[in-house]
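**Student:** Sharing a structure here in structure tokens format.
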Amino acid sequence: MSRKGLMEQDLSKLDVTKLHPLSAEIISRQATINIGTIGHVAHGKSTLVKAISGVQTVLFKNELERNITIRLGYANAKIYKSEDERAHGSGKEDSPMCDVPGFENCRMNLLRHVSFVDCLGHDILMATMLNGVAIMDGALLLIAANEGCPQPQTSEHLAAIEIMRLQHIIILQHKGTVAGGAPVVPISA
């Protein structure tokens with residue numbers, strides 16, 4: 001059965017012994033890696049997830065009113081590489097046309113399908129944060145440059161991922177200037 005824009009999955013022709021987490025038949029429909037966003041409260045974790053995936057993970061009225069995440073948030077995103085050698089994040093079909101000006105005639109190819117686990121940063125919600133860490137394959141640690149480091153929940157989140165033996169971590173610094181000599185990976189949130 002095929003859905004418009006998704007990889008064909010004909011079970012009579014599908015050899016399940018050859019499937020792996022990066023098989024087109026798998027990543028077309030299912031995220032195969034969980035990436036967590038961790039860090040102190042109000043350091044931009046939910047904003048980053050929304051910028052990458054287009055999904056607002058803060059859903060509940062009391063979260064929106066208080067501007068804090070109370071429950072774990074989840075958002076899936078497909079990551080593409082287009083024929084013009086650019087990478088794109090989106091929830092689009094498997095092989096859409098590129099929407100970057102000047103490259104509209106290029107087709108994008110699905111590389112990965114990831115799931116973001118947007119963790120809470122507030123200290124009284126650490127038990128819920130630990131549930132999120134349990135399913136992570138990697139994490140993005142957000143640190144605000146306009147505050148001292150480490151903040152209390154930054155230290156707690158680092159301790160949590162150490163306990164869970166999470167080894168794949170990328171540190172993102174924002175809200176200020178970057179330390180001299182450090183590599184800069186531009187993101188927009």
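Letters A, B, ... mark the chains of the structure tokens in the order given; residue numbers begin at 1 per chain; ligand numbers begin at 1, in order shown.
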Restrict the calculation to only C-alpha atoms, then for each residue of segment 102-173 of chain A with any atom at most 9 Å from an atom of segment 18-36 of chain A give the closest atom pair and their distance in Å to one decimal, rows by chain and rising residue number, as CSV.
**Tutor:**
```
residue,atom,partner,partner_atom,distance
A:Leu110,CA,A:Ser28,CA,7.7
A:Leu111,CA,A:Leu22,CA,7.8
A:Arg112,CA,A:Ile27,CA,6.3
A:His113,CA,A:Ala31,CA,4.4
A:Val114,CA,A:Ala31,CA,4.7
A:Ser115,CA,A:Asn34,CA,4.8
A:Phe116,CA,A:Ile35,CA,4.9
A:Val117,CA,A:Gly36,CA,4.5
A:Asp118,CA,A:Gly36,CA,5.8
A:Cys119,CA,A:Gly36,CA,6.8
A:Gly132,CA,A:Gly36,CA,7.4
A:Val133,CA,A:Gly36,CA,7.1
A:Ile135,CA,A:Asn34,CA,6.8
A:Met136,CA,A:Asn34,CA,5.0
A:Asp137,CA,A:Asn34,CA,5.3
A:Gly138,CA,A:Ile35,CA,4.9
A:Ala139,CA,A:Gly36,CA,4.4
A:Leu140,CA,A:Gly36,CA,6.0
A:Leu141,CA,A:Gly36,CA,8.3
```
**Student:** Could you write those residues out with all heavy atoms, as a short mmCIF file (atom, residue, chain, number, x, y, z; two decimals), in the first residue's frame?
**Tutor:**
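Here's the written file result-v9.cif:
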```
data_model
loop_
_atom_site.label_atom_id
_atom_site.label_comp_id
_atom_site.auth_asym_id
_atom_site.auth_seq_id
_atom_site.Cartn_x
_atom_site.Cartn_y
_atom_site.Cartn_z
N LEU A 110 15.43 12.16 0.62
CA LEU A 110 15.31 11.94 2.07
C LEU A 110 16.55 11.22 2.59
O LEU A 110 16.93 10.17 2.10
CB LEU A 110 14.05 11.10 2.36
CG LEU A 110 13.75 10.80 3.81
CD1 LEU A 110 13.57 12.07 4.62
CD2 LEU A 110 12.50 9.92 3.89
N LEU A 111 17.21 11.83 3.59
CA LEU A 111 18.41 11.24 4.21
C LEU A 111 18.09 10.58 5.54
O LEU A 111 18.59 9.50 5.85
CB LEU A 111 19.47 12.31 4.47
CG LEU A 111 20.21 12.89 3.29
CD1 LEU A 111 21.23 13.90 3.77
CD2 LEU A 111 20.89 11.81 2.50
N ARG A 112 17.32 11.27 6.38
CA ARG A 112 17.04 10.82 7.74
C ARG A 112 15.64 11.24 8.13
O ARG A 112 15.11 12.22 7.63
CB ARG A 112 18.00 11.45 8.74
CG ARG A 112 19.40 10.95 8.69
CD ARG A 112 19.51 9.66 9.37
NE ARG A 112 20.67 9.65 10.23
CZ ARG A 112 21.11 8.58 10.81
NH1 ARG A 112 20.49 7.44 10.66
NH2 ARG A 112 22.17 8.62 11.56
N HIS A 113 15.10 10.52 9.09
CA HIS A 113 13.84 10.89 9.71
C HIS A 113 14.10 10.85 11.20
O HIS A 113 14.37 9.78 11.75
CB HIS A 113 12.76 9.89 9.29
CG HIS A 113 11.36 10.31 9.63
ND1 HIS A 113 10.28 9.70 9.09
CD2 HIS A 113 10.87 11.27 10.45
CE1 HIS A 113 9.17 10.25 9.56
NE2 HIS A 113 9.52 11.21 10.39
N VAL A 114 14.09 12.00 11.84
CA VAL A 114 14.46 12.09 13.25
C VAL A 114 13.26 12.49 14.10
O VAL A 114 12.31 13.11 13.61
CB VAL A 114 15.62 13.09 13.50
CG1 VAL A 114 16.85 12.70 12.73
CG2 VAL A 114 15.20 14.50 13.15
N SER A 115 13.32 12.12 15.36
CA SER A 115 12.31 12.52 16.33
C SER A 115 13.01 13.34 17.40
O SER A 115 14.03 12.91 17.95
CB SER A 115 11.65 11.29 16.94
OG SER A 115 10.66 11.69 17.88
N PHE A 116 12.48 14.52 17.67
CA PHE A 116 13.03 15.36 18.73
C PHE A 116 12.26 15.13 20.02
O PHE A 116 11.04 15.06 20.02
CB PHE A 116 12.96 16.84 18.34
CG PHE A 116 13.93 17.21 17.26
CD1 PHE A 116 13.51 17.27 15.94
CD2 PHE A 116 15.26 17.45 17.56
CE1 PHE A 116 14.41 17.59 14.94
CE2 PHE A 116 16.16 17.76 16.56
CZ PHE A 116 15.73 17.83 15.25
N VAL A 117 13.00 14.99 21.12
CA VAL A 117 12.43 14.86 22.45
C VAL A 117 12.77 16.16 23.16
O VAL A 117 13.92 16.39 23.53
CB VAL A 117 13.03 13.65 23.21
CG1 VAL A 117 12.38 13.52 24.58
CG2 VAL A 117 12.88 12.37 22.41
N ASP A 118 11.77 17.02 23.30
CA ASP A 118 11.98 18.34 23.89
C ASP A 118 11.81 18.23 25.40
O ASP A 118 10.70 18.07 25.91
CB ASP A 118 10.96 19.32 23.29
CG ASP A 118 11.16 20.74 23.75
OD1 ASP A 118 12.27 21.08 24.21
OD2 ASP A 118 10.20 21.53 23.66
N CYS A 119 12.93 18.30 26.12
CA CYS A 119 12.91 18.11 27.57
C CYS A 119 12.60 19.40 28.31
O CYS A 119 12.84 20.50 27.81
CB CYS A 119 14.25 17.56 28.05
SG CYS A 119 14.42 15.81 27.71
N GLY A 132 12.54 11.33 29.37
CA GLY A 132 12.94 11.70 28.02
C GLY A 132 14.34 11.24 27.68
O GLY A 132 14.60 10.74 26.58
N VAL A 133 15.26 11.36 28.63
CA VAL A 133 16.64 10.94 28.41
C VAL A 133 16.72 9.44 28.12
O VAL A 133 17.55 8.99 27.33
CB VAL A 133 17.53 11.32 29.61
CG1 VAL A 133 18.93 10.75 29.45
CG2 VAL A 133 17.61 12.83 29.77
N ILE A 135 15.08 7.58 26.26
CA ILE A 135 14.86 7.17 24.87
C ILE A 135 15.75 7.92 23.87
O ILE A 135 15.62 7.73 22.67
CB ILE A 135 13.38 7.33 24.46
CG1 ILE A 135 12.94 8.79 24.54
CG2 ILE A 135 12.50 6.43 25.31
CD1 ILE A 135 11.61 9.06 23.90
N MET A 136 16.68 8.73 24.35
CA MET A 136 17.53 9.53 23.46
C MET A 136 18.71 8.74 22.91
O MET A 136 19.33 7.96 23.61
CB MET A 136 18.09 10.74 24.22
CG MET A 136 17.10 11.78 24.54
SD MET A 136 17.94 13.12 25.43
CE MET A 136 16.53 13.96 26.12
N ASP A 137 19.00 8.99 21.63
CA ASP A 137 20.21 8.48 20.99
C ASP A 137 21.32 9.53 21.01
O ASP A 137 22.49 9.22 20.90
CB ASP A 137 19.92 8.07 19.55
CG ASP A 137 18.87 6.98 19.47
OD1 ASP A 137 19.09 5.91 20.08
OD2 ASP A 137 17.84 7.20 18.82
N GLY A 138 20.93 10.77 21.12
CA GLY A 138 21.85 11.90 21.15
C GLY A 138 21.12 13.10 21.71
O GLY A 138 19.91 13.06 21.93
N ALA A 139 21.86 14.17 21.99
CA ALA A 139 21.23 15.35 22.59
C ALA A 139 21.86 16.63 22.08
O ALA A 139 23.04 16.67 21.72
CB ALA A 139 21.33 15.30 24.10
N LEU A 140 21.05 17.67 22.06
CA LEU A 140 21.49 19.03 21.80
C LEU A 140 21.40 19.77 23.13
O LEU A 140 20.31 19.90 23.69
CB LEU A 140 20.59 19.71 20.76
CG LEU A 140 20.47 19.03 19.41
CD1 LEU A 140 19.41 19.72 18.55
CD2 LEU A 140 21.81 19.03 18.70
N LEU A 141 22.53 20.20 23.67
CA LEU A 141 22.56 20.95 24.92
C LEU A 141 22.58 22.43 24.58
O LEU A 141 23.52 22.91 23.95
CB LEU A 141 23.80 20.58 25.74
CG LEU A 141 24.09 21.45 26.97
CD1 LEU A 141 22.96 21.36 27.99
CD2 LEU A 141 25.42 21.07 27.60
#
```
**Student:** Please provide the set of residues having any atom within 6 Å of His40 of chain A, restricted to only C-alpha atoms, with same-chain residues fewer than 5 positions apart removed, written as a list in words.
**Tutor:** Gly121, Gln153 and Thr154 of chain A
**Student:** Excluding Leu142 of chain A and residues on its chain fewer than 6 positions from it, collect all residues at most 7 Å away from it, counting only C-alpha atoms, and give them as a PDB file with C-alpha atoms, in the first residue's frame.
**Tutor:**
```pdb
ATOM      1  CA  ILE A  38      18.367  19.588  27.082  1.00  0.00           C
ATOM      2  CA  GLY A  39      19.493  22.542  29.157  1.00  0.00           C
ATOM      3  CA  HIS A  43      17.395  28.562  27.054  1.00  0.00           C
ATOM      4  CA  GLY A  44      15.470  27.983  23.816  1.00  0.00           C
ATOM      5  CA  LYS A  45      14.969  24.211  23.631  1.00  0.00           C
ATOM      6  CA  ILE A 171      26.443  22.009  22.470  1.00  0.00           C
ATOM      7  CA  LEU A 172      24.613  25.018  21.038  1.00  0.00           C
ATOM      8  CA  GLN A 173      25.310  28.477  22.412  1.00  0.00           C
TER       9      GLN A 173
END
```
**Student:** I'd like to know which of A:Ile161, A:Gln9, A:Tyr80, A:Arg71 is closest to Asp99 of chain A, using only C-alpha atoms.
**Tutor:** A:Tyr80
**Student:** Using only C-alpha atoms, find the one residue out of A:Leu6, A:Ile143, A:Asn67, A:Glu162 that sits nearest to Asn109 of chain A.
**Tutor:**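 When distances to Asn109 of chain A are compared using only C-alpha atoms, the smallest one comes from A:Leu6.
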**Student:** Could you check the closest approach to Pro150 of chain A for each of A:Val58, A:Tyr74, A:Val41, A:Ser46 and tell me which residue wins, using only C-alpha atoms?
**Tutor:** A:Val41
**Student:** How many Å lie between atom CA of Ile70 of chain A and atom CA of Ile169 of chain A, rounded to one decimal?
**Tutor:**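 Interatomic distance here is 22.9 Å.
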**Student:** Excluding Pro96 of chain A and any residue of its chain fewer than 2 positions from it, enumerate the residues within 9 Å of it, using only C-alpha atoms, and give them as a PyMOL selection string.
**Tutor:** chain A and resi 5+92-94+98-99+106-110
**Student:** Check the smallest atom-to-atom distance from each of A:Asn105, A:Thr128, A:Thr17, A:Asn62 to Ser82 of chain A using only C-alpha atoms, then report the winner.
**Tutor:**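 Looking only at the distances to Ser82 of chain A, the closest residue turns out to be A:Asn105.
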**Student:** DSSP on the backbone: what in segment 35-87 of chain A comes out helix (DSSP H, G or I), as a PyMOL selection string?
**Tutor:** chain A and resi 45-53+61-66
**Student:** Measuring atom to atom with only C-alpha atoms, identify which of A:Ile68, A:Met164, A:Leu158, A:Ala145 is nearest to Ala42 of chain A.
**Tutor:**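 Among A:Ile68, A:Met164, A:Leu158, A:Ala145, it is A:Ile68 that comes nearest to Ala42 of chain A.
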**Student:** To test your reading of the structure, identify every residue in segment 43-177 of chain A that backbone DSSP assigns to strand (DSSP E), and report it as a PyMOL selection string.
**Tutor:** chain A and resi 73-82+87-90+108-118+138-144+169-174
